[in-house]
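Data file: input_39.cif. Format and content: mmCIF, C-alpha atoms.
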data_run
#
loop_
_atom_site.label_atom_id
_atom_site.label_comp_id
_atom_site.auth_asym_id
_atom_site.auth_seq_id
_atom_site.Cartn_x
_atom_site.Cartn_y
_atom_site.Cartn_z
CA MET A 1 63.34 46.57 -21.93
CA SER A 2 62.96 43.39 -23.99
CA PHE A 3 59.65 42.46 -25.61
CA GLY A 4 59.22 39.47 -23.21
CA LYS A 5 59.68 41.59 -20.09
CA ARG A 6 57.38 44.29 -21.48
CA PHE A 7 54.68 41.66 -22.19
CA ILE A 8 54.93 40.24 -18.64
CA THR A 9 54.70 43.75 -17.15
CA ILE A 10 51.54 44.51 -19.15
CA VAL A 11 49.90 41.21 -18.10
CA MET A 12 50.69 41.78 -14.40
CA SER A 13 49.28 45.33 -14.59
CA VAL A 14 46.03 44.06 -16.08
CA LEU A 15 45.72 41.42 -13.35
CA PHE A 16 46.31 43.95 -10.56
CA ALA A 17 43.74 46.30 -12.12
CA ALA A 18 41.17 43.50 -12.32
CA VAL A 19 41.71 42.62 -8.66
CA ALA A 20 41.41 46.28 -7.64
CA ILE A 21 38.11 46.58 -9.50
CA ALA A 22 36.74 43.31 -8.06
CA MET A 23 37.52 44.15 -4.41
CA PRO A 24 34.72 46.75 -3.92
CA VAL A 25 32.24 44.39 -5.57
CA ILE A 26 33.21 41.54 -3.23
CA ALA A 27 32.97 43.82 -0.23
CA GLN A 28 29.56 45.00 -1.33
CA GLU A 29 28.29 41.44 -1.70
CA ASP A 30 29.64 40.50 1.73
CA ASN A 31 27.60 43.28 3.31
CA GLY A 32 24.53 41.04 3.26
CA GLY A 33 22.03 43.89 3.39
CA GLY A 34 18.40 43.36 2.34
CA SER A 35 15.83 40.71 3.22
CA GLY A 36 14.94 37.22 2.03
CA LEU A 37 13.25 33.98 3.05
CA SER A 38 13.44 30.25 2.55
CA ILE A 39 10.36 28.06 2.85
CA SER A 40 9.51 24.39 3.23
CA PRO A 41 7.78 22.33 2.11
CA THR A 42 7.33 23.76 -1.38
CA ARG A 43 4.18 21.67 -1.92
CA SER A 44 1.54 20.23 0.42
CA GLU A 45 -1.30 17.93 -0.62
CA PHE A 46 -4.46 17.22 1.36
CA ASN A 47 -7.60 15.13 1.10
CA ILE A 48 -10.15 16.81 3.38
CA ALA A 49 -13.73 15.57 3.63
CA PRO A 50 -16.54 18.15 4.04
CA GLY A 51 -17.10 18.99 7.69
CA THR A 52 -13.51 18.16 8.72
CA SER A 53 -10.21 20.02 8.97
CA GLN A 54 -6.45 19.54 8.77
CA LYS A 55 -3.35 21.57 9.62
CA LEU A 56 -1.16 23.26 7.04
CA GLU A 57 2.38 23.22 8.45
CA ILE A 58 4.95 25.58 6.91
CA THR A 59 8.47 26.47 8.01
CA ILE A 60 10.04 29.79 7.02
CA ARG A 61 13.56 31.02 7.74
CA ASN A 62 15.26 34.38 7.49
CA VAL A 63 18.33 33.83 5.32
CA THR A 64 19.70 37.38 5.62
CA SER A 65 21.67 39.40 8.13
CA GLY A 66 18.81 41.73 9.08
CA SER A 67 15.47 41.33 10.84
CA ILE A 68 12.49 41.00 8.51
CA LEU A 69 8.72 40.92 8.54
CA ALA A 70 7.14 38.04 6.63
CA GLN A 71 3.69 39.03 5.42
CA PRO A 72 1.57 35.98 4.39
CA PHE A 73 -1.12 36.00 1.73
CA VAL A 74 -2.70 33.52 -0.69
CA ASN A 75 -1.64 33.86 -4.31
CA ASP A 76 -3.96 32.05 -6.73
CA PHE A 77 -2.55 30.61 -9.95
CA GLU A 78 -3.20 28.65 -13.10
CA ALA A 79 -1.15 25.99 -14.87
CA ASP A 80 1.29 26.94 -17.63
CA ASN A 81 0.02 23.96 -19.73
CA ILE A 82 3.60 22.87 -20.48
CA THR A 83 5.68 22.00 -17.43
CA GLY A 84 2.73 21.87 -15.03
CA GLY A 85 4.29 24.73 -13.08
CA PRO A 86 2.07 27.42 -11.59
CA LYS A 87 1.58 30.83 -13.19
CA LEU A 88 0.96 33.04 -10.19
CA TYR A 89 -1.53 35.83 -10.77
CA GLN A 90 0.22 39.20 -10.87
CA ASN A 91 -2.65 40.70 -8.91
CA PRO A 92 -2.60 38.93 -5.51
CA ASP A 93 -6.28 39.83 -5.00
CA LYS A 94 -7.36 37.92 -8.13
CA ARG A 95 -9.13 34.67 -7.27
CA ASN A 96 -10.10 31.58 -9.20
CA ALA A 97 -13.15 29.44 -8.48
CA ALA A 98 -10.98 26.76 -6.87
CA THR A 99 -9.16 29.06 -4.42
CA ILE A 100 -8.14 27.71 -1.02
CA THR A 101 -8.91 31.01 0.69
CA LYS A 102 -12.44 29.78 1.50
CA PHE A 103 -10.89 27.02 3.64
CA LEU A 104 -8.32 29.07 5.58
CA ALA A 105 -9.61 29.85 9.05
CA GLY A 106 -8.68 33.02 10.89
CA SER A 107 -6.50 35.91 9.82
CA LEU A 108 -2.96 35.68 8.52
CA GLY A 109 -0.69 37.75 10.73
CA GLU A 110 2.80 39.06 10.06
CA VAL A 111 5.76 37.06 11.31
CA LEU A 112 8.87 38.76 12.72
CA LEU A 113 12.11 36.91 12.04
CA LYS A 114 15.52 37.80 13.42
CA PRO A 115 18.65 37.12 11.34
CA GLY A 116 18.92 33.38 10.70
CA GLU A 117 15.76 32.61 12.69
CA ARG A 118 13.27 29.98 11.56
CA LYS A 119 9.68 29.55 12.66
CA ASP A 120 7.20 26.72 12.27
CA LEU A 121 3.78 28.05 11.30
CA SER A 122 0.44 26.26 11.42
CA TYR A 123 -2.81 27.19 9.67
CA ASP A 124 -6.23 25.53 9.94
CA LEU A 125 -7.79 24.26 6.72
CA ILE A 126 -11.52 23.76 7.36
CA VAL A 127 -13.76 22.35 4.62
CA PRO A 128 -17.39 23.21 5.42
CA GLU A 129 -20.30 20.85 5.01
CA GLY A 130 -21.70 20.97 1.52
CA ALA A 131 -18.41 21.95 -0.14
CA ALA A 132 -18.36 20.84 -3.77
CA PRO A 133 -16.06 17.87 -4.41
CA GLY A 134 -12.99 18.37 -6.56
CA ALA A 135 -9.68 20.21 -6.62
CA TYR A 136 -8.82 23.43 -4.80
CA TYR A 137 -5.40 25.06 -4.96
CA GLY A 138 -3.39 28.16 -4.17
CA ALA A 139 0.06 29.35 -3.13
CA MET A 140 0.71 30.37 0.46
CA THR A 141 3.08 33.25 -0.22
CA PHE A 142 5.25 35.24 2.19
CA LYS A 143 6.54 38.69 1.29
CA ALA A 144 9.71 39.67 3.14
CA THR A 145 10.44 43.30 3.96
CA PRO A 146 12.97 44.90 6.36
CA ALA A 147 11.51 44.92 9.89
CA ASP A 148 12.45 48.56 10.51
CA GLY A 149 11.20 49.67 7.11
CA ALA A 150 14.46 51.51 6.52
CA ALA A 151 15.83 51.97 3.03
CA PRO A 152 19.08 50.13 2.27
CA GLN A 153 22.26 52.04 3.05
CA PRO A 154 24.84 52.87 0.36
CA GLY A 155 26.66 49.70 -0.59
CA GLU A 156 23.80 47.43 0.63
CA VAL A 157 21.55 45.36 -1.56
CA GLY A 158 17.86 46.22 -1.28
CA LEU A 159 15.73 43.09 -1.72
CA THR A 160 12.05 42.33 -1.30
CA ALA A 161 11.61 38.59 -1.60
CA ASN A 162 8.49 36.50 -2.13
CA VAL A 163 8.52 32.76 -1.47
CA SER A 164 5.58 30.41 -1.98
CA SER A 165 4.42 26.97 -0.93
CA LEU A 166 1.80 25.33 -3.15
CA VAL A 167 -1.28 23.97 -1.37
CA LEU A 168 -3.38 21.35 -3.17
CA ILE A 169 -6.65 20.20 -1.59
CA GLU A 170 -8.95 17.48 -2.88
CA VAL A 171 -12.45 17.38 -1.43
CA PRO A 172 -13.73 13.82 -1.89
CA GLY A 173 -17.16 13.02 -3.26
CA ASP A 174 -18.39 12.83 -6.82
CA ILE A 175 -14.93 12.94 -8.42
CA THR A 176 -14.60 12.66 -12.20
CA GLU A 177 -11.31 11.08 -13.24
CA LYS A 178 -10.64 11.48 -16.95
CA VAL A 179 -7.57 12.34 -19.00
CA ALA A 180 -6.71 12.46 -22.69
CA VAL A 181 -3.34 12.07 -24.40
CA THR A 182 -3.34 14.91 -26.93
CA SER A 183 0.10 14.44 -28.46
CA VAL A 184 3.18 12.21 -28.56
CA LYS A 185 6.27 13.86 -30.04
CA ALA A 186 10.01 13.45 -30.36
CA TYR A 187 12.21 16.52 -29.82
CA GLN A 188 15.73 17.58 -30.67
CA THR A 189 17.51 20.00 -28.34
CA THR A 190 18.98 22.96 -30.22
CA LYS A 191 20.43 26.31 -29.23
CA ASP A 192 17.06 27.85 -30.13
CA GLY A 193 15.08 25.44 -27.96
CA ASP A 194 13.44 22.06 -28.43
CA LYS A 195 12.41 21.35 -32.02
CA THR A 196 9.93 18.68 -33.08
CA SER A 197 9.47 17.13 -36.51
CA SER A 198 8.52 13.94 -38.33
CA MET A 199 12.02 13.76 -39.83
CA PHE A 200 15.36 14.38 -38.10
CA SER A 201 18.89 14.62 -39.47
CA THR A 202 20.25 14.54 -35.90
CA ALA A 203 18.92 11.92 -33.49
CA PRO A 204 16.17 13.33 -31.23
CA ASP A 205 17.02 13.29 -27.54
CA LYS A 206 13.61 13.84 -25.90
CA ILE A 207 10.08 12.49 -25.98
CA GLY A 208 7.16 14.64 -24.86
CA ILE A 209 3.75 13.20 -23.92
CA THR A 210 1.01 15.81 -23.56
CA VAL A 211 -1.80 14.82 -21.20
CA LYS A 212 -4.95 16.87 -20.59
CA ASN A 213 -6.99 16.62 -17.40
CA LEU A 214 -10.70 16.45 -18.26
CA GLY A 215 -11.81 15.70 -14.70
CA ASN A 216 -12.69 17.89 -11.73
CA SER A 217 -9.75 16.98 -9.49
CA PHE A 218 -5.99 16.53 -9.74
CA ALA A 219 -4.72 13.98 -12.26
CA LYS A 220 -1.47 12.06 -11.76
CA PRO A 221 -0.94 10.06 -14.94
CA PHE A 222 1.50 7.18 -15.13
CA GLY A 223 2.37 4.41 -17.53
CA THR A 224 5.00 3.10 -19.92
CA VAL A 225 6.54 4.68 -23.01
CA THR A 226 8.31 2.41 -25.51
CA MET A 227 10.08 3.00 -28.81
CA ASN A 228 10.76 0.43 -31.55
CA ASN A 229 12.89 0.72 -34.66
CA MET A 230 11.62 -0.11 -38.15
CA PHE A 231 12.44 -3.79 -37.63
CA GLY A 232 10.23 -4.00 -34.54
CA LYS A 233 13.11 -4.14 -32.06
CA GLN A 234 12.52 -2.22 -28.84
CA VAL A 235 15.26 0.35 -28.31
CA LEU A 236 13.75 2.29 -25.41
CA SER A 237 11.34 1.88 -22.49
CA TYR A 238 10.68 4.13 -19.50
CA GLU A 239 8.04 4.96 -16.90
CA LEU A 240 5.98 8.09 -17.46
CA ASN A 241 5.78 10.64 -14.62
CA ASN A 242 8.08 8.47 -12.52
CA LEU A 243 8.39 10.94 -9.63
CA GLN A 244 7.71 10.83 -5.92
CA PRO A 245 5.23 12.34 -5.46
CA ARG A 246 3.93 12.12 -9.04
CA GLY A 247 3.45 15.35 -10.97
CA ASN A 248 -0.08 16.77 -10.94
CA ILE A 249 -2.26 18.16 -13.71
CA LEU A 250 -4.82 20.75 -12.64
CA PRO A 251 -8.42 20.40 -13.86
CA ASN A 252 -9.02 21.77 -17.38
CA SER A 253 -5.31 22.09 -18.08
CA SER A 254 -2.56 20.16 -19.85
CA ARG A 255 0.99 19.13 -19.06
CA VAL A 256 3.84 17.92 -21.24
CA PHE A 257 5.80 15.11 -19.59
CA THR A 258 9.24 15.34 -21.18
CA ASP A 259 11.98 12.73 -20.72
CA ASN A 260 15.49 12.44 -22.14
CA ILE A 261 16.04 9.44 -24.41
CA LYS A 262 18.89 7.42 -25.91
CA GLY A 263 19.19 4.44 -28.21
CA ILE A 264 18.62 6.03 -31.62
CA SER A 265 21.61 5.07 -33.74
CA MET A 266 20.44 3.35 -36.92
CA PRO A 267 18.75 5.39 -39.65
CA GLY A 268 15.13 4.54 -40.31
CA ARG A 269 11.62 4.87 -38.98
CA TYR A 270 10.96 4.79 -35.24
CA ASN A 271 7.60 4.17 -33.56
CA ILE A 272 6.67 5.55 -30.12
CA THR A 273 3.88 3.99 -28.07
CA ALA A 274 2.59 5.56 -24.85
CA ASN A 275 0.38 3.48 -22.52
CA VAL A 276 -1.05 6.02 -20.08
CA SER A 277 -3.23 5.38 -17.06
CA HIS A 278 -4.41 7.46 -14.10
CA GLY A 279 -6.30 7.25 -10.84
CA ARG A 280 -6.62 3.62 -9.78
CA GLY A 281 -5.29 2.45 -13.14
CA GLY A 282 -8.51 0.98 -14.52
CA GLU A 283 -8.29 2.76 -17.88
CA ILE A 284 -5.30 2.59 -20.21
CA ILE A 285 -4.98 5.10 -23.04
CA VAL A 286 -2.75 4.05 -25.93
CA ALA A 287 -1.26 6.79 -28.09
CA LYS A 288 1.27 6.36 -30.90
CA ALA A 289 3.53 8.47 -33.07
CA SER A 290 6.41 7.88 -35.47
CA PHE A 291 9.36 9.76 -36.96
CA TRP A 292 12.23 9.21 -39.38
CA TYR A 293 15.89 9.52 -38.44
CA LEU A 294 17.89 10.19 -41.61
CA PRO A 295 21.37 11.55 -40.78
CA ALA A 296 23.29 13.55 -43.36
CA TRP A 297 25.81 10.76 -43.99
CA PHE A 298 22.99 8.31 -44.69
CA ILE A 299 21.34 10.69 -47.16
CA ALA A 300 24.72 11.21 -48.85
CA VAL A 301 25.31 7.45 -49.15
CA LEU A 302 21.75 6.92 -50.38
CA ALA A 303 22.17 9.68 -52.97
CA ALA A 304 25.47 8.15 -54.13
CA ILE A 305 23.80 4.74 -54.51
CA VAL A 306 20.90 6.25 -56.46
CA LEU A 307 23.31 8.11 -58.74
CA ALA A 308 25.38 4.96 -59.25
CA VAL A 309 22.28 2.90 -60.12
CA ALA A 310 21.12 5.65 -62.49
CA ALA A 311 24.56 5.77 -64.15
CA VAL A 312 24.63 1.99 -64.61
CA ALA A 313 21.08 2.02 -66.00
CA TRP A 314 22.04 4.80 -68.43
CA TRP A 315 25.16 2.91 -69.51
CA LEU A 316 23.16 -0.28 -70.11
CA PHE A 317 20.58 1.68 -72.04
CA LYS A 318 23.23 3.28 -74.29
CA ARG A 319 24.93 -0.07 -74.78
CA ASN A 320 21.71 -1.80 -75.80
CA SER A 321 20.86 1.13 -78.10
CA SER A 322 24.26 0.80 -79.83
CA LYS A 323 23.78 -2.95 -80.37
CA SER A 324 20.32 -2.38 -81.82
CA LYS A 325 21.70 0.13 -84.35
CA LYS A 326 24.48 -2.22 -85.42
CA ALA A 327 22.01 -5.04 -85.88
#
Go ahead and express the file in the form of structure tokens.
Amino acid sequence: MSFGKRFITIVMSVLFAAVAIAMPVIAQEDNGGGSGLSISPTRSEFNIAPGTSQKLEITIRNVTSGSILAQPFVNDFEADNITGGPKLYQNPDKRNAATITKFLAGSLGEVLLKPGERKDLSYDLIVPEGAAPGAYYGAMTFKATPADGAAPQPGEVGLTANVSSLVLIEVPGDITEKVAVTSVKAYQTTKDGDKTSSMFSTAPDKIGITVKNLGNSFAKPFGTVTMNNMFGKQVLSYELNNLQPRGNILPNSSRVFTDNIKGISMPGRYNITANVSHGRGGEIIVAKASFWYLPAWFIAVLAAIVLAVAAVAWWLFKRNSSKSKKA
């Protein structure tokens, strides 16, 4: 057998072996055993005055091929102080002072869902008279387990899924609205994560504005971020927290609003200015930062120019010294 035919035979054998190995895996995945849920909405916001109530509407759906029991409970959380995302408490019985459990009326019963079935659920949120004004929050979480409680069969995937919908409640009254911009930074994306500095050899591609909520309710900062080069020309402008709905900051926590940027091409010093407002927009906080963009080629050219100037200066010095000796 020639080398070419032998090579083709080896390749075909490897392909057939790969397909044979993959077939059981595909069959196992198609089995669809286990349990899981989808939920909507993922966030609900309310403004509930003391002595009144509103409805929390949540839709859950069984996305598996078996019947499941969805067991609801409230999971309290805190902010991660970076993305603004919630850090759910590992212990579901742990509570914070701003928990929504005090406003949930009645008991939370299990929900039976057949394969593919969806159900619309409604819960009463009642804020009693005398409730302290400010922010209250929690995650309405549903734990999915097989309805029959049976263990997964060989070849099935055993899954216990938790899905959550964030619930944010503001009780109006003596609300303190106050934020502080604690940092303005440029970042460069690397394989090891985002790096910040006052000097970059590669153009930064992100700006991060850190805002801290010093009030007693949710803060939704907004404003304009601009960047000028060393000649005062504006090379970038964008709206901060330009989302619908706007991103929240929990009381006594911080959030970094990070946006991708472009427009940095020329070497030099760049100045970032953030004009941040919140609430009804009466107060504007101005925060500034700067950085240098000095690419490797620019440093090399600059070094060559410096060396050339030094060489010319040395030559002129030697020449003048020689003339002085002759004189």
Exercise. Between atom CA of Ala180 of chain A and atom CA of Ile285 of chain A, what is the distance, to one decimal in Å?
Worked result: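 That distance, rounded to one decimal, is 7.6 Å.
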Problem set entry | Two-atom distance - atom CA of Asn213 of chain A, atom CA of Asp259 of chain A (Å) |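 Those two atoms sit 19.6 Å apart.
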Exercise. Please, what distance in Å, to one decimal, runs between atom CA of Ala132 of chain A and atom CA of Leu104 of chain A?
Worked result: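 Computed distance, atom CA of Ala132 of chain A to atom CA of Leu104 of chain A, equals 16.0 Å.
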Exercise. Could you spell out the hits of the PyMOL selection byres ((chain A and resi 188) around 9) on the shown file, as a list in words?
Worked result: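 Here the PyMOL selection byres ((chain A and resi 188) around 9) matches Ala186, Tyr187, Thr189, Thr190, Gly193, Asp194, Lys195, Thr196, Ser197, Phe200, Thr202, Ala203, Pro204, Asp205, Lys206 and Ile207 of chain A.
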For this session: Report the residues retrieved by the PyMOL selection byres ((chain A and resi 179) around 12) from the displayed file, expressed as a PyMOL selection string.
Result: chain A and resi 176-178+180-182+210-222+248-255+276-279+281+283-286
Problem set entry | Selected residue, from A:Ser122, A:Asn320, A:Ser65, A:Thr224, that lies nearest to Ser107 of chain A when counting all atoms listed in the file |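 Counting all atoms listed in the file, the residue closest to Ser107 of chain A is A:Ser122.
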Problem set entry | Test item: the PyMOL selection byres ((chain A and resi 233) around 12) resolved as a PyMOL selection string | chain A and resi 226-232+234-237+263-264+266+269-272
Contacts of Val171 of chain A at 7 Å or less, counting all atoms listed in the file, minus same-chain residues fewer than 2 places along, as a PDB file with C-alpha atoms, keeping the file's coordinate frame?
ATOM      1  CA  ASN A  47      -7.600  15.130   1.100  1.00  0.00           C
ATOM      2  CA  ILE A  48     -10.150  16.810   3.380  1.00  0.00           C
ATOM      3  CA  ALA A  49     -13.730  15.570   3.630  1.00  0.00           C
ATOM      4  CA  PRO A  50     -16.540  18.150   4.040  1.00  0.00           C
ATOM      5  CA  PRO A 133     -16.060  17.870  -4.410  1.00  0.00           C
ATOM      6  CA  GLY A 134     -12.990  18.370  -6.560  1.00  0.00           C
ATOM      7  CA  ALA A 135      -9.680  20.210  -6.620  1.00  0.00           C
ATOM      8  CA  ILE A 169      -6.650  20.200  -1.590  1.00  0.00           C
ATOM      9  CA  GLY A 173     -17.160  13.020  -3.260  1.00  0.00           C
TER      10      GLY A 173
END
Skipping near chain neighbours, those fewer than 2 positions away, what residues fall within 7 Å of Ala98 of chain A using all atoms listed in the file, listed as an mmCIF file with C-alpha atoms, in the frame of the given file?
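For reference, part.cif as written:
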data_model
loop_
_atom_site.group_PDB
_atom_site.id
_atom_site.type_symbol
_atom_site.label_atom_id
_atom_site.label_comp_id
_atom_site.auth_asym_id
_atom_site.auth_seq_id
_atom_site.Cartn_x
_atom_site.Cartn_y
_atom_site.Cartn_z
ATOM 1 C CA ASN A 96 -10.100 31.580 -9.200
ATOM 2 C CA ILE A 100 -8.140 27.710 -1.020
ATOM 3 C CA ALA A 135 -9.680 20.210 -6.620
ATOM 4 C CA TYR A 136 -8.820 23.430 -4.800
ATOM 5 C CA TYR A 137 -5.400 25.060 -4.960
#
For this session: Give me the residues within 6 Å of Ala144 of chain A as a list in words, counting all atoms listed in the file and dropping any in the same chain fewer than 3 places off.
Result: Gly36, Leu69, Ala70, Thr160 and Ala161 of chain A
Exercise. When distances are computed from all atoms listed in the file, which of A:Pro295, A:Gly130, A:Pro115, A:Gly138 shows the smallest separation from Ser201 of chain A?
Worked result: A:Pro295
Completed segment 240-260 of chain A (N, CA and C atoms) as a PDB file, in the coordinates of the input:
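That gives us part.pdb:
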ATOM      1  N   LEU A 240       6.452   6.713 -17.355  1.00  0.00           N
ATOM      2  CA  LEU A 240       5.980   8.090 -17.460  1.00  0.00           C
ATOM      3  C   LEU A 240       5.670   8.655 -16.077  1.00  0.00           C
ATOM      4  N   ASN A 241       6.072   9.929 -15.871  1.00  0.00           N
ATOM      5  CA  ASN A 241       5.780  10.640 -14.620  1.00  0.00           C
ATOM      6  C   ASN A 241       6.290   9.839 -13.424  1.00  0.00           C
ATOM      7  N   ASN A 242       7.503   9.320 -13.560  1.00  0.00           N
ATOM      8  CA  ASN A 242       8.080   8.470 -12.520  1.00  0.00           C
ATOM      9  C   ASN A 242       8.744   9.320 -11.443  1.00  0.00           C
ATOM     10  N   LEU A 243       7.917  10.045 -10.687  1.00  0.00           N
ATOM     11  CA  LEU A 243       8.390  10.940  -9.630  1.00  0.00           C
ATOM     12  C   LEU A 243       7.725  10.564  -8.315  1.00  0.00           C
ATOM     13  N   GLN A 244       8.327  11.003  -7.231  1.00  0.00           N
ATOM     14  CA  GLN A 244       7.710  10.830  -5.920  1.00  0.00           C
ATOM     15  C   GLN A 244       7.706  12.160  -5.189  1.00  0.00           C
ATOM     16  N   PRO A 245       6.537  12.782  -4.977  1.00  0.00           N
ATOM     17  CA  PRO A 245       5.230  12.340  -5.460  1.00  0.00           C
ATOM     18  C   PRO A 245       5.097  12.602  -6.968  1.00  0.00           C
ATOM     19  N   ARG A 246       4.133  11.940  -7.606  1.00  0.00           N
ATOM     20  CA  ARG A 246       3.930  12.120  -9.040  1.00  0.00           C
ATOM     21  C   ARG A 246       3.484  13.548  -9.343  1.00  0.00           C
ATOM     22  N   GLY A 247       3.852  14.017 -10.550  1.00  0.00           N
ATOM     23  CA  GLY A 247       3.450  15.350 -10.970  1.00  0.00           C
ATOM     24  C   GLY A 247       1.939  15.425 -11.203  1.00  0.00           C
ATOM     25  N   ASN A 248       1.355  16.544 -10.806  1.00  0.00           N
ATOM     26  CA  ASN A 248      -0.080  16.770 -10.940  1.00  0.00           C
ATOM     27  C   ASN A 248      -0.435  17.515 -12.210  1.00  0.00           C
ATOM     28  N   ILE A 249      -1.665  17.320 -12.672  1.00  0.00           N
ATOM     29  CA  ILE A 249      -2.260  18.160 -13.710  1.00  0.00           C
ATOM     30  C   ILE A 249      -3.527  18.763 -13.122  1.00  0.00           C
ATOM     31  N   LEU A 250      -3.625  20.082 -13.163  1.00  0.00           N
ATOM     32  CA  LEU A 250      -4.820  20.750 -12.640  1.00  0.00           C
ATOM     33  C   LEU A 250      -6.013  20.486 -13.552  1.00  0.00           C
ATOM     34  N   PRO A 251      -7.227  20.566 -13.012  1.00  0.00           N
ATOM     35  CA  PRO A 251      -8.420  20.400 -13.860  1.00  0.00           C
ATOM     36  C   PRO A 251      -8.422  21.387 -15.022  1.00  0.00           C
ATOM     37  N   ASN A 252      -8.906  20.929 -16.176  1.00  0.00           N
ATOM     38  CA  ASN A 252      -9.020  21.770 -17.380  1.00  0.00           C
ATOM     39  C   ASN A 252      -7.688  22.354 -17.826  1.00  0.00           C
ATOM     40  N   SER A 253      -6.622  21.630 -17.620  1.00  0.00           N
ATOM     41  CA  SER A 253      -5.310  22.090 -18.080  1.00  0.00           C
ATOM     42  C   SER A 253      -4.516  20.892 -18.603  1.00  0.00           C
ATOM     43  N   SER A 254      -3.401  21.196 -19.260  1.00  0.00           N
ATOM     44  CA  SER A 254      -2.560  20.160 -19.850  1.00  0.00           C
ATOM     45  C   SER A 254      -1.148  20.246 -19.275  1.00  0.00           C
ATOM     46  N   ARG A 255      -0.407  19.165 -19.484  1.00  0.00           N
ATOM     47  CA  ARG A 255       0.990  19.130 -19.060  1.00  0.00           C
ATOM     48  C   ARG A 255       1.773  18.254 -20.012  1.00  0.00           C
ATOM     49  N   VAL A 256       2.964  18.707 -20.378  1.00  0.00           N
ATOM     50  CA  VAL A 256       3.840  17.920 -21.240  1.00  0.00           C
ATOM     51  C   VAL A 256       4.874  17.219 -20.367  1.00  0.00           C
ATOM     52  N   PHE A 257       4.833  15.900 -20.358  1.00  0.00           N
ATOM     53  CA  PHE A 257       5.800  15.110 -19.590  1.00  0.00           C
ATOM     54  C   PHE A 257       6.964  14.778 -20.530  1.00  0.00           C
ATOM     55  N   THR A 258       8.085  15.449 -20.305  1.00  0.00           N
ATOM     56  CA  THR A 258       9.240  15.340 -21.180  1.00  0.00           C
ATOM     57  C   THR A 258      10.345  14.531 -20.515  1.00  0.00           C
ATOM     58  N   ASP A 259      10.896  13.556 -21.247  1.00  0.00           N
ATOM     59  CA  ASP A 259      11.980  12.730 -20.720  1.00  0.00           C
ATOM     60  C   ASP A 259      13.097  12.644 -21.758  1.00  0.00           C
ATOM     61  N   ASN A 260      14.340  12.619 -21.264  1.00  0.00           N
ATOM     62  CA  ASN A 260      15.490  12.440 -22.140  1.00  0.00           C
ATOM     63  C   ASN A 260      15.556  10.992 -22.610  1.00  0.00           C
TER      64      ASN A 260
END
